[in-house]
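Accompanying notes for the structure given below.
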4 protein chains.
Amino acid sequence: MAGNTIGVLFTVTTFGESHGPAIGCIVDGCPAGIAFDTDFLQKEMDRRRPGQSSIVTQRKESDIPQVLSGIFEGKTTGMPIAIVIPNEDQRSKDYDHIARAFRPSHADFTWETKYGTRDYRGGGRSSARETAARVAAGAIAKMFLKTVGIHVQGYVSQVGNIALKSTYNELDLTQTEQNDLRCPDPLMAEKMINLIKKVRKAGDTIGGVVACVATGVPVGLGEPVFDRLHADLAKAMMSINAAKGFEYGSGFEGVKMTGSQHNDPWVLNEMGQPVTTTNHSGGIQGGISNGMDIYCKVAFKPVATIITEQDSLDQSLNAVKVKGKGRHDPCVVPRAVPIVEAMAALVLADHYLRFLAVKHSSKGV
Amino acid sequence: MAGNTIGVLFTVTTFGESHGPAIGCIVDGCPAGIAFDTDFLQKEMDRRRPGQSSIVTQRKESDIPQVLSGIFEGKTTGMPIAIVIPNEDQRSKDYDHIARAFRPSHADFTWETKYGTRDYRGGGRSSARETAARVAAGAIAKMFLKTVGIHVQGYVSQVGNIALKSTYNELDLTQTEQNDLRCPDPLMAEKMINLIKKVRKAGDTIGGVVACVATGVPVGLGEPVFDRLHADLAKAMMSINAAKGFEYGSGFEGVKMTGSQHNDPWVLNEMGQPVTTTNHSGGIQGGISNGMDIYCKVAFKPVATIITEQDSLDQSLNAVKVKGKGRHDPCVVPRAVPIVEAMAALVLADHYLRFLAVKHSSKGV
Amino acid sequence: MAGNTIGVLFTVTTFGESHGPAIGCIVDGCPAGIAFDTDFLQKEMDRRRPGQSSIVTQRKESDIPQVLSGIFEGKTTGMPIAIVIPNEDQRSKDYDHIARAFRPSHADFTWETKYGTRDYRGGGRSSARETAARVAAGAIAKMFLKTVGIHVQGYVSQVGNIALKSTYNELDLTQTEQNDLRCPDPLMAEKMINLIKKVRKAGDTIGGVVACVATGVPVGLGEPVFDRLHADLAKAMMSINAAKGFEYGSGFEGVKMTGSQHNDPWVLNEMGQPVTTTNHSGGIQGGISNGMDIYCKVAFKPVATIITEQDSLDQSLNAVKVKGKGRHDPCVVPRAVPIVEAMAALVLADHYLRFLAVKHSSKGV
Amino acid sequence: MAGNTIGVLFTVTTFGESHGPAIGCIVDGCPAGIAFDTDFLQKEMDRRRPGQSSIVTQRKESDIPQVLSGIFEGKTTGMPIAIVIPNEDQRSKDYDHIARAFRPSHADFTWETKYGTRDYRGGGRSSARETAARVAAGAIAKMFLKTVGIHVQGYVSQVGNIALKSTYNELDLTQTEQNDLRCPDPLMAEKMINLIKKVRKAGDTIGGVVACVATGVPVGLGEPVFDRLHADLAKAMMSINAAKGFEYGSGFEGVKMTGSQHNDPWVLNEMGQPVTTTNHSGGIQGGISNGMDIYCKVAFKPVATIITEQDSLDQSLNAVKVKGKGRHDPCVVPRAVPIVEAMAALVLADHYLRFLAVKHSSKGV
């Protein structure tokens, strides 16, 4: 595949550049008969939208998705759902200064070298604007997952060196959307927001971590051996702009534990169902969901565009000075939360359909 | 896909259970005309082989691969290369005790629930024995990559809470194979080995981290937007048994940095080639290799099989006590090094072929 | 995959229903740096457009494609090219009579049973209107193929029982577009057109055959063993609405020949290049193009919508009478020519890219 | 994909050359809990085996498949099933004469040009021996399909210009295996066999047609728009060595019909189920199975290897004379019957699993 499609049975193909006429996607394989919730779709778009608060970019995009196919009488038909999101705020002039220069830690050099050309306006296809299409697709995945009882929830767990110490089950995730940062701990959120404002004031940017939890996932999602559920989650998350790391369950911290500390003992809960007393496995064992909550974290680097002069080269390999213009995020995590959720939802929807095929064909079940 | 195949143009499909007649793989898409190095293949197998040192499992497997196809007069023909590795050390009795019980943090519960059955002997398909097939496939990928100047090198960077502080370019990686652990820092290796011996003595296990470096990768590998090079690396690595986390370049630590610290400035080197002065990008920008070294890390949890009694459930959901028998690794990382390398080589070989198609069709290049 | 995508490296995903807001596609993997010829795209659309002549449906659709992405400064960028074609002539009322009835030999019964719902207006997604998106995608494939010297040309070779006796190399294919039918033999064209007019007058429809020739294809396109070039051509052609059969080279007639008649002897042409003196192989041997012209034929059934009352059932399985309304083609072949060409171009573009990866990695070449 | 894998959820990857150590396959995605019938597997192999009768090649291969994985306690486990079939009759000397020459209408020229090398012994990978692996895989698909009531049956319908006039439902298909040709009409079989013997005596070969019928297929298999059931059948069939054409339902003959003749009216049968009174649709409408019998035909060219001197070229492009040696089939169709069935079974098994995912996720069903 050429790289702009993800999934096996529930697939998404995205298109579009930052400053072209529109971006969008085709969602293929969405089950039929799902009530299509236009309001929910818009709400999800709004969670990713620029200009939503004082700690994100002040670019102006209303991001109103147009649904062109796959819906009939308010329900999905099982056919491809095409969504187009027109680009509005196209200040191409903001990018004249980078038409020839390669911005440090951007995709400019690699894309131009690979393709011999690039749409430099706003980063073109390499712009994080592409993720708006993912959020639209993820909203559709969520509509489907809702019908089978699966819920996906993301939140900010770290900005710079300020990190939540609590794990997801010690937090009140219903508080996540109560602040501009999308961090469920209000006190920590305030500290993180202050840090973001501080780096922005300095013309700089800062990294962060987004955590994600999926509840209601039945036992059985994930395919051995390469398409383990967490392997597909890893790929999906790492495909988001600025992602630098992925971990699930105990993650990198689990390295320090012994087997006797790390193993999750099986017991029966009050309803007589098998559950584990701890969840270092992050809801996945042997690559397959075990019925416990799935949780993972995604590390995001500091945004590469900074309002500070940096050394670089241009297309002719002359040394140049580059300095960010335009309007940019000082930290990606507040807007990355819905993107991480979207990718999780897309992977879970895809694996849910694959799971159905196994479940309903295996004689032992 | 059913989950046992990875890759687009250079693909691998693996098969086999721990205690069946054999494991193996089919490598499809390997270029023609590559000299097939049987000795190298065996050496790679030996690096993963059980019983190779005192800090790994003492299971006895000679792991001698049989090549059934795709080679003619000592060279690859471009046709599928099938490799069969017979299983030898099949003490199935070691596993009678787990025929009905679900071992904590193993795949027993999830696989049995999903498929209604499982080959419980040695974990069956969920056994890490499957990775022998990956190492064989990876050896072939390395034979190809060698012809285009790409080299992949892994090493142990952490065991438990003992971690190397140096990054890859501060280490003498040629020392990696000089100790049983495969850690290029001899003093740190000794400390880590002592820790492994200590936990093994306690009937326990410990986690660790494997780092991997790829040198000689040209600019241009990786496909936007979902098949970013690091996204495919993440999936490949996370599909290895016991993997819990993946990061590349600055990784989770990069979160704490500001953009001005993190950005990698472009300059010309003494040969007039564009290089970056730092490499927080880990050799990949915008999902595409930028010509610098690619490096990443994979976190492995402590092995789940421990010689300590643990609470669990059996197939009838009765509470049982489970205790590891048989011969198991106290820590996966020494044997995980060639597996991580294999997965890196497979991803790079696949993306190299995809890169060739783009490179030779784009008019601008 | 969910079924609406075709190709491995050069892929197309289509969307849209006959009477929704729009249809369209995303072309992914098109090489960068190709001059984008908007006029050519429109001309190709016009060749498939309804209302273009007296022997096709009189539906009114201007079919003006909007290109939303992947083009910068008049050239392709290597990024996905999204095309939207708005639907204009939406007389949904024409279809009220089939909202509940299953039209004979249409997709009504199967789609409704499979998905539990269907957009019945104009056949919804099962409408041949979907093929407009294929023609748009095929036009892009042709732009690429032109840069490597490959040309694709289709023509009508049979209507009902009136068939050309000449094979492609005995015909003057430059005459193809000189008549409404797209048959390069003017006399035979007239007979076929008269037959079409006769069946239309009777409120009936008739089948036909479209032949397709590709010239300039280098030796080497096609992948053994399942992705043989003609196998992928077969799939692509058989995915067109109303297609009932596919053959290449000698096809079904070749069955009657002996090996000594059928084999194509290799000789050197005047330029010292290896050619075959006959071409029963249809330009493909062992699944791989051999440098000779590739030719194939596609059989199309008579259009299922007829202005004659037929027996059928409705959703409640009551017997009903169904009679075609609206404006329909008496024979698909004149408009099928550009569709067949588009599918051929898409398969060849895809295999050309796959060929490049093999060619530039094999040491023997 | 590199071309040696077919299928989406139920996949097969084959490997092996005619004169290497072995050929074989990995079947991935076979449902768990299916009783594995070793005798049936061998019987299927025997139907394709050389030397089975006087009208096929007298090569000696016992073709005894070894199952290496995926079976536990007599049942499938849902894991990959690897099958190895050792090559026994390796008279490589038979092929010395073609080491440098390109046999007419073989894969010699195209494969050598594409890959820069080829295993010329017995045609190497391009040998029809590869189809033994398909038959093994198809046997597993049939074991699965049997559990859901689907049966696949092939037969010879034409040899040279001698063709059955009856369609499948006018024949007694239980008679198919009663003669060496696998033609259910004994009188016609005798005529066809005589023709085969006559051409063989002349050192020549002849083409033929294999028909295939699938019964018990529920409504709903097939994915719009590119993965139509008959499109995937077409690809699968055309990927068989020597296949030149594919048609389903009315096929190329349907071209001559009018819509009023061709349309299949819906009525209720005696059990109150919707059926069509005719079946020109071949059991597939809009790309999706409609519950009626699926039937198709595959045209095979005359075998290219003939015991007659022919003009050709060698690797240095010198004119040479080539003459078949060794033991070859005078007509492929008797042995092609189980191969055609295998490909049909593989496509149906794959689409059955895809169908289950749709069926159990659509709210309307």
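Labels used: A, B, ... for chains in the order of the structure tokens, numbers from 1 for residues in each chain, and numbers from 1 for ligands as shown.
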Just asking: which residues within stretch 135-350 of chain C are alpha helix (DSSP H) according to DSSP, as a count of residues only? 61
B:Thr57 surroundings by only C-alpha atoms, 8 Å radius, close-in-sequence under 4 positions cut, as a PDB file with N, CA, C and O atoms, in the first residue's frame:
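Final file, out16.pdb:
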```
ATOM      1  N   PRO B  50      18.645 -21.106  22.473  1.00  0.00           N
ATOM      2  CA  PRO B  50      18.671 -21.403  23.913  1.00  0.00           C
ATOM      3  C   PRO B  50      19.998 -22.077  24.257  1.00  0.00           C
ATOM      4  O   PRO B  50      20.661 -22.657  23.395  1.00  0.00           O
ATOM      5  N   GLY B  51      20.367 -22.006  25.501  1.00  0.00           N
ATOM      6  CA  GLY B  51      21.535 -22.735  25.976  1.00  0.00           C
ATOM      7  C   GLY B  51      22.861 -22.141  25.563  1.00  0.00           C
ATOM      8  O   GLY B  51      23.915 -22.746  25.769  1.00  0.00           O
ATOM      9  N   ARG B 327      12.474 -24.985  31.667  1.00  0.00           N
ATOM     10  CA  ARG B 327      13.686 -24.173  31.668  1.00  0.00           C
ATOM     11  C   ARG B 327      13.383 -22.871  30.969  1.00  0.00           C
ATOM     12  O   ARG B 327      13.000 -22.864  29.813  1.00  0.00           O
ATOM     13  N   HIS B 328      13.545 -21.797  31.679  1.00  0.00           N
ATOM     14  CA  HIS B 328      13.121 -20.515  31.122  1.00  0.00           C
ATOM     15  C   HIS B 328      14.172 -19.441  31.314  1.00  0.00           C
ATOM     16  O   HIS B 328      15.046 -19.544  32.159  1.00  0.00           O
ATOM     17  N   ASP B 329      14.035 -18.373  30.544  1.00  0.00           N
ATOM     18  CA  ASP B 329      14.979 -17.262  30.631  1.00  0.00           C
ATOM     19  C   ASP B 329      14.678 -16.416  31.863  1.00  0.00           C
ATOM     20  O   ASP B 329      13.524 -16.030  32.079  1.00  0.00           O
ATOM     21  N   PRO B 330      15.714 -16.047  32.605  1.00  0.00           N
ATOM     22  CA  PRO B 330      15.499 -15.107  33.710  1.00  0.00           C
ATOM     23  C   PRO B 330      15.297 -13.680  33.201  1.00  0.00           C
ATOM     24  O   PRO B 330      14.736 -12.838  33.896  1.00  0.00           O
TER      25      PRO B 330
END
```
Can you pull out every residue within 9 Å of stretch 242-244 of chain B, counting only C-alpha atoms, but drop anything in the same chain fewer than 6 positions away, and send it as a PyMOL selection string? (chain A and resi 230+246-252+254-255+281+286) or (chain B and resi 128+298-304+332)
With N, CA and C atoms retained, could you export that selection as a short mmCIF file (atom, residue, chain, number, x, y, z; two decimals), in the first residue's frame?
```cif
data_model
loop_
_atom_site.label_atom_id
_atom_site.label_comp_id
_atom_site.auth_asym_id
_atom_site.auth_seq_id
_atom_site.Cartn_x
_atom_site.Cartn_y
_atom_site.Cartn_z
N HIS A 230 -1.64 -4.68 20.51
CA HIS A 230 -0.80 -3.54 20.91
C HIS A 230 0.20 -3.17 19.82
N PHE A 246 5.83 4.93 22.33
CA PHE A 246 4.57 4.27 22.65
C PHE A 246 4.84 3.22 23.71
N GLU A 247 3.95 3.12 24.67
CA GLU A 247 4.04 2.02 25.62
C GLU A 247 2.63 1.64 26.07
N TYR A 248 2.45 0.40 26.48
CA TYR A 248 1.13 0.00 26.99
C TYR A 248 1.36 -0.77 28.28
N GLY A 249 0.31 -0.79 29.11
CA GLY A 249 0.45 -1.44 30.41
C GLY A 249 1.61 -0.85 31.16
N SER A 250 2.43 -1.70 31.73
CA SER A 250 3.55 -1.22 32.56
C SER A 250 4.59 -0.47 31.75
N GLY A 251 4.67 -0.71 30.46
CA GLY A 251 5.55 0.05 29.58
C GLY A 251 7.01 0.01 29.98
N PHE A 252 7.68 1.15 29.76
CA PHE A 252 9.11 1.22 30.07
C PHE A 252 9.39 1.05 31.57
N GLY A 254 7.86 -0.99 33.46
CA GLY A 254 7.73 -2.42 33.77
C GLY A 254 9.06 -3.16 33.66
N VAL A 255 9.97 -2.57 32.92
CA VAL A 255 11.31 -3.14 32.76
C VAL A 255 11.99 -3.37 34.11
N SER A 281 -0.49 -5.80 32.44
CA SER A 281 -0.61 -6.25 31.05
C SER A 281 -1.30 -5.21 30.17
N GLY A 286 -0.54 -11.85 25.28
CA GLY A 286 -0.28 -12.63 24.07
C GLY A 286 -0.80 -11.92 22.83
N ALA B 128 7.77 -17.88 22.68
CA ALA B 128 8.78 -17.04 22.03
C ALA B 128 9.62 -17.85 21.05
N VAL B 298 13.48 -0.78 22.61
CA VAL B 298 12.31 -1.62 22.87
C VAL B 298 12.37 -2.10 24.31
N ALA B 299 11.28 -1.86 25.04
CA ALA B 299 11.20 -2.29 26.44
C ALA B 299 10.59 -3.68 26.53
N PHE B 300 11.22 -4.55 27.30
CA PHE B 300 10.69 -5.91 27.50
C PHE B 300 10.35 -6.12 28.97
N LYS B 301 9.19 -6.66 29.21
CA LYS B 301 8.76 -6.94 30.58
C LYS B 301 9.54 -8.14 31.14
N PRO B 302 9.49 -8.36 32.43
CA PRO B 302 10.08 -9.57 32.99
C PRO B 302 9.32 -10.80 32.47
N VAL B 303 10.06 -11.87 32.20
CA VAL B 303 9.45 -13.12 31.72
C VAL B 303 8.34 -13.55 32.69
N ALA B 304 7.21 -13.98 32.15
CA ALA B 304 6.06 -14.31 33.00
C ALA B 304 6.23 -15.63 33.74
N VAL B 332 14.83 -11.68 29.09
CA VAL B 332 14.82 -11.98 27.65
C VAL B 332 15.88 -11.24 26.86
#
```
Could you give me, as a Markdown table, a per-residue list for chain C showing, wherever an atom lies at most 9 Å from an atom of chain A, the closest pair of atoms and their distance in Å to one decimal, using only C-alpha atoms and sorting by chain then residue number from low to high?
```
| residue | atom | partner | partner_atom | distance |
| --- | --- | --- | --- | --- |
| C:Met1 | CA | A:Val8 | CA | 4.8 |
| C:Ala2 | CA | A:Gly29 | CA | 4.8 |
| C:Gly3 | CA | A:Asp28 | CA | 7.8 |
| C:Asn4 | CA | A:Asp28 | CA | 6.9 |
| C:Thr5 | CA | A:Asp28 | CA | 8.7 |
| C:Gly7 | CA | A:Met1 | CA | 7.4 |
| C:Val8 | CA | A:Met1 | CA | 4.8 |
| C:Leu9 | CA | A:Met1 | CA | 4.9 |
| C:Phe10 | CA | A:Ala2 | CA | 6.6 |
| C:Thr11 | CA | A:Met1 | CA | 7.0 |
| C:Thr13 | CA | A:Ile26 | CA | 7.8 |
| C:Thr14 | CA | A:Pro80 | CA | 7.7 |
| C:Phe15 | CA | A:Pro80 | CA | 5.4 |
| C:Gly16 | CA | A:Ser69 | CA | 4.9 |
| C:Glu17 | CA | A:Ser69 | CA | 6.4 |
| C:Gly20 | CA | A:Ser69 | CA | 6.2 |
| C:Pro21 | CA | A:Leu68 | CA | 5.5 |
| C:Ala22 | CA | A:Leu68 | CA | 5.8 |
| C:Ile23 | CA | A:Leu68 | CA | 7.4 |
| C:Gly24 | CA | A:Ala82 | CA | 8.6 |
| C:Cys25 | CA | A:Ile26 | CA | 8.4 |
| C:Ile26 | CA | A:Phe15 | CA | 7.3 |
| C:Asp28 | CA | A:Ala2 | CA | 5.9 |
| C:Gly29 | CA | A:Ala2 | CA | 4.8 |
| C:Cys30 | CA | A:Ala2 | CA | 8.6 |
| C:Pro31 | CA | A:Tyr115 | CA | 8.0 |
| C:Ala32 | CA | A:Tyr115 | CA | 5.7 |
| C:Gly33 | CA | A:Thr117 | CA | 7.1 |
| C:Val67 | CA | A:Pro21 | CA | 8.4 |
| C:Leu68 | CA | A:Pro21 | CA | 5.5 |
| C:Ser69 | CA | A:Gly16 | CA | 4.9 |
| C:Gly70 | CA | A:Gly16 | CA | 6.8 |
| C:Ile71 | CA | A:Asp119 | CA | 8.3 |
| C:Phe72 | CA | A:Asp119 | CA | 6.0 |
| C:Glu73 | CA | A:Asp119 | CA | 8.5 |
| C:Thr76 | CA | A:Thr117 | CA | 8.8 |
| C:Thr77 | CA | A:Arg118 | CA | 6.1 |
| C:Gly78 | CA | A:Tyr115 | CA | 6.5 |
| C:Met79 | CA | A:Arg125 | CA | 7.2 |
| C:Pro80 | CA | A:Phe15 | CA | 5.4 |
| C:Ile81 | CA | A:Phe15 | CA | 6.9 |
| C:Ala82 | CA | A:Phe15 | CA | 6.4 |
| C:Tyr115 | CA | A:Ala32 | CA | 5.7 |
| C:Gly116 | CA | A:Gly33 | CA | 7.2 |
| C:Thr117 | CA | A:Thr77 | CA | 6.2 |
| C:Arg118 | CA | A:Thr77 | CA | 6.2 |
| C:Asp119 | CA | A:Phe72 | CA | 6.0 |
| C:Arg125 | CA | A:Met79 | CA | 7.2 |
```
Hey, can you spit out that residue selection with N, CA and C atoms as a CSV table (one decimal), in the first residue's frame?
```csv
chain,number,residue,atom,x,y,z
C,1,MET,N,-9.1,-6.0,3.3
C,1,MET,CA,-9.6,-4.8,2.9
C,1,MET,C,-11.1,-4.8,2.7
C,2,ALA,N,-11.8,-3.7,2.9
C,2,ALA,CA,-13.2,-3.7,2.9
C,2,ALA,C,-13.8,-3.8,1.5
C,3,GLY,N,-13.0,-3.8,0.5
C,3,GLY,CA,-13.5,-4.0,-0.9
C,3,GLY,C,-13.5,-2.8,-1.8
C,4,ASN,N,-13.3,-1.6,-1.3
C,4,ASN,CA,-13.4,-0.5,-2.2
C,4,ASN,C,-12.0,0.1,-2.6
C,5,THR,N,-11.0,-0.7,-2.4
C,5,THR,CA,-9.6,-0.3,-2.7
C,5,THR,C,-9.1,-1.4,-3.6
C,7,GLY,N,-5.2,-2.4,-5.8
C,7,GLY,CA,-3.8,-2.0,-6.0
C,7,GLY,C,-3.0,-2.3,-4.8
C,8,VAL,N,-1.7,-2.3,-5.1
C,8,VAL,CA,-0.7,-2.6,-4.0
C,8,VAL,C,0.1,-1.3,-3.8
C,9,LEU,N,0.8,-0.8,-4.8
C,9,LEU,CA,1.6,0.4,-4.7
C,9,LEU,C,0.9,1.6,-5.3
C,10,PHE,N,0.2,1.4,-6.4
C,10,PHE,CA,-0.7,2.5,-7.0
C,10,PHE,C,-2.1,2.0,-6.7
C,11,THR,N,-2.7,2.7,-5.7
C,11,THR,CA,-4.0,2.2,-5.3
C,11,THR,C,-5.1,3.2,-5.6
C,13,THR,N,-9.1,4.1,-4.2
C,13,THR,CA,-10.3,3.8,-3.3
C,13,THR,C,-11.4,4.7,-3.8
C,14,THR,N,-12.6,4.1,-4.1
C,14,THR,CA,-13.7,4.9,-4.6
C,14,THR,C,-14.8,5.0,-3.6
C,15,PHE,N,-15.6,6.0,-3.7
C,15,PHE,CA,-16.8,6.1,-2.8
C,15,PHE,C,-18.0,6.7,-3.6
C,16,GLY,N,-19.1,6.6,-3.0
C,16,GLY,CA,-20.2,7.4,-3.6
C,16,GLY,C,-21.4,6.6,-4.2
C,17,GLU,N,-22.5,7.1,-4.0
C,17,GLU,CA,-23.8,6.5,-4.5
C,17,GLU,C,-24.3,7.3,-5.7
C,20,GLY,N,-26.4,10.2,-4.1
C,20,GLY,CA,-25.9,11.0,-3.0
C,20,GLY,C,-25.3,12.3,-3.5
C,21,PRO,N,-24.7,13.1,-2.6
C,21,PRO,CA,-24.1,14.4,-3.0
C,21,PRO,C,-23.0,14.3,-4.1
C,22,ALA,N,-22.2,13.2,-4.0
C,22,ALA,CA,-21.1,13.1,-5.0
C,22,ALA,C,-20.5,11.7,-5.0
C,23,ILE,N,-19.8,11.4,-6.0
C,23,ILE,CA,-18.9,10.2,-6.0
C,23,ILE,C,-17.5,10.7,-6.2
C,24,GLY,N,-16.6,9.8,-6.1
C,24,GLY,CA,-15.2,10.2,-6.2
C,24,GLY,C,-14.2,9.1,-5.8
C,25,CYS,N,-12.9,9.5,-5.6
C,25,CYS,CA,-11.9,8.5,-5.3
C,25,CYS,C,-10.7,9.2,-4.7
C,26,ILE,N,-9.9,8.4,-4.1
C,26,ILE,CA,-8.5,8.8,-3.7
C,26,ILE,C,-7.6,7.9,-4.5
C,28,ASP,N,-3.8,6.8,-4.5
C,28,ASP,CA,-2.6,6.9,-3.7
C,28,ASP,C,-1.5,6.2,-4.4
C,29,GLY,N,-0.3,6.7,-4.2
C,29,GLY,CA,0.9,6.1,-4.8
C,29,GLY,C,1.3,6.6,-6.2
C,30,CYS,N,0.5,7.6,-6.7
C,30,CYS,CA,0.9,8.1,-8.0
C,30,CYS,C,2.3,8.8,-7.9
C,31,PRO,N,3.2,8.4,-8.7
C,31,PRO,CA,4.5,9.1,-8.6
C,31,PRO,C,4.5,10.6,-8.6
C,32,ALA,N,5.5,11.2,-8.1
C,32,ALA,CA,5.6,12.6,-8.0
C,32,ALA,C,6.2,13.2,-9.3
C,33,GLY,N,5.9,14.4,-9.6
C,33,GLY,CA,6.5,15.1,-10.7
C,33,GLY,C,5.9,14.9,-12.1
C,67,VAL,N,-10.4,18.4,-8.2
C,67,VAL,CA,-9.2,17.8,-7.7
C,67,VAL,C,-8.9,18.5,-6.4
C,68,LEU,N,-8.9,17.8,-5.3
C,68,LEU,CA,-8.8,18.4,-3.9
C,68,LEU,C,-7.4,18.3,-3.3
C,69,SER,N,-6.5,17.5,-3.9
C,69,SER,CA,-5.2,17.3,-3.2
C,69,SER,C,-4.2,16.6,-4.1
C,70,GLY,N,-3.0,16.7,-3.7
C,70,GLY,CA,-1.9,15.9,-4.4
C,70,GLY,C,-1.3,16.6,-5.6
C,71,ILE,N,-1.8,17.8,-5.9
C,71,ILE,CA,-1.2,18.5,-7.1
C,71,ILE,C,-0.7,19.8,-6.6
C,72,PHE,N,0.5,20.2,-7.0
C,72,PHE,CA,1.1,21.5,-6.6
C,72,PHE,C,1.9,22.0,-7.8
C,73,GLU,N,1.5,23.2,-8.1
C,73,GLU,CA,2.1,23.9,-9.3
C,73,GLU,C,2.1,23.1,-10.6
C,76,THR,N,2.0,16.4,-10.0
C,76,THR,CA,1.7,15.5,-8.9
C,76,THR,C,2.9,15.6,-7.9
C,77,THR,N,2.5,15.4,-6.6
C,77,THR,CA,3.5,15.5,-5.5
C,77,THR,C,3.9,14.2,-4.9
C,78,GLY,N,3.2,13.1,-5.4
C,78,GLY,CA,3.4,11.8,-4.7
C,78,GLY,C,2.5,11.6,-3.6
C,79,MET,N,1.7,12.6,-3.3
C,79,MET,CA,0.7,12.5,-2.2
C,79,MET,C,-0.7,12.0,-2.8
C,80,PRO,N,-1.6,11.6,-1.9
C,80,PRO,CA,-2.9,11.1,-2.4
C,80,PRO,C,-3.6,12.2,-3.2
C,81,ILE,N,-4.2,11.8,-4.3
C,81,ILE,CA,-5.0,12.7,-5.2
C,81,ILE,C,-6.4,12.4,-5.0
C,82,ALA,N,-7.2,13.3,-4.4
C,82,ALA,CA,-8.6,13.1,-4.1
C,82,ALA,C,-9.4,13.8,-5.2
C,115,TYR,N,-26.5,-6.4,4.0
C,115,TYR,CA,-26.3,-5.2,4.8
C,115,TYR,C,-27.5,-4.8,5.7
C,116,GLY,N,-28.7,-5.4,5.4
C,116,GLY,CA,-29.9,-5.1,6.1
C,116,GLY,C,-30.5,-3.8,5.7
C,117,THR,N,-29.9,-3.2,4.7
C,117,THR,CA,-30.3,-1.9,4.2
C,117,THR,C,-29.7,-1.6,2.8
C,118,ARG,N,-30.3,-0.6,2.1
C,118,ARG,CA,-29.6,-0.2,0.9
C,118,ARG,C,-30.1,1.1,0.5
C,119,ASP,N,-29.3,1.9,-0.2
C,119,ASP,CA,-29.7,3.1,-0.7
C,119,ASP,C,-30.2,2.8,-2.1
C,125,ARG,N,-24.9,2.5,-4.4
C,125,ARG,CA,-23.5,2.2,-4.6
C,125,ARG,C,-23.4,1.2,-5.7
```
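Of the listed residues (B:Ala344, B:Val267, B:Ala132, B:Ile162), B:Ala344 comes nearest to B:Asp232; the distances count only C-alpha atoms.
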Show me, as a list in words, the residues that have an atom within 6 Å of stretch 209-219 of chain B when counting only C-alpha atoms, minus same-chain residues fewer than 2 positions from it. Gly149, Ile150, His151, Val152, Gln153, Gly154, Tyr155, Val156, Ser157, Gln158, Ser289, Asn290, Gly291, Asp293, Ile294, Tyr295, Cys296, Lys297, Val298, Ala299 and Phe300 of chain B
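Between atom CA of D:Leu233 and atom CA of D:Pro334 the interatomic distance comes to 20.0 Å.
Ranking C:Ser127, C:Thr147, C:Asn169, C:Thr174 by their shortest atom-to-atom distance to B:Lys363, with only C-alpha atoms included, puts C:Thr147 first.
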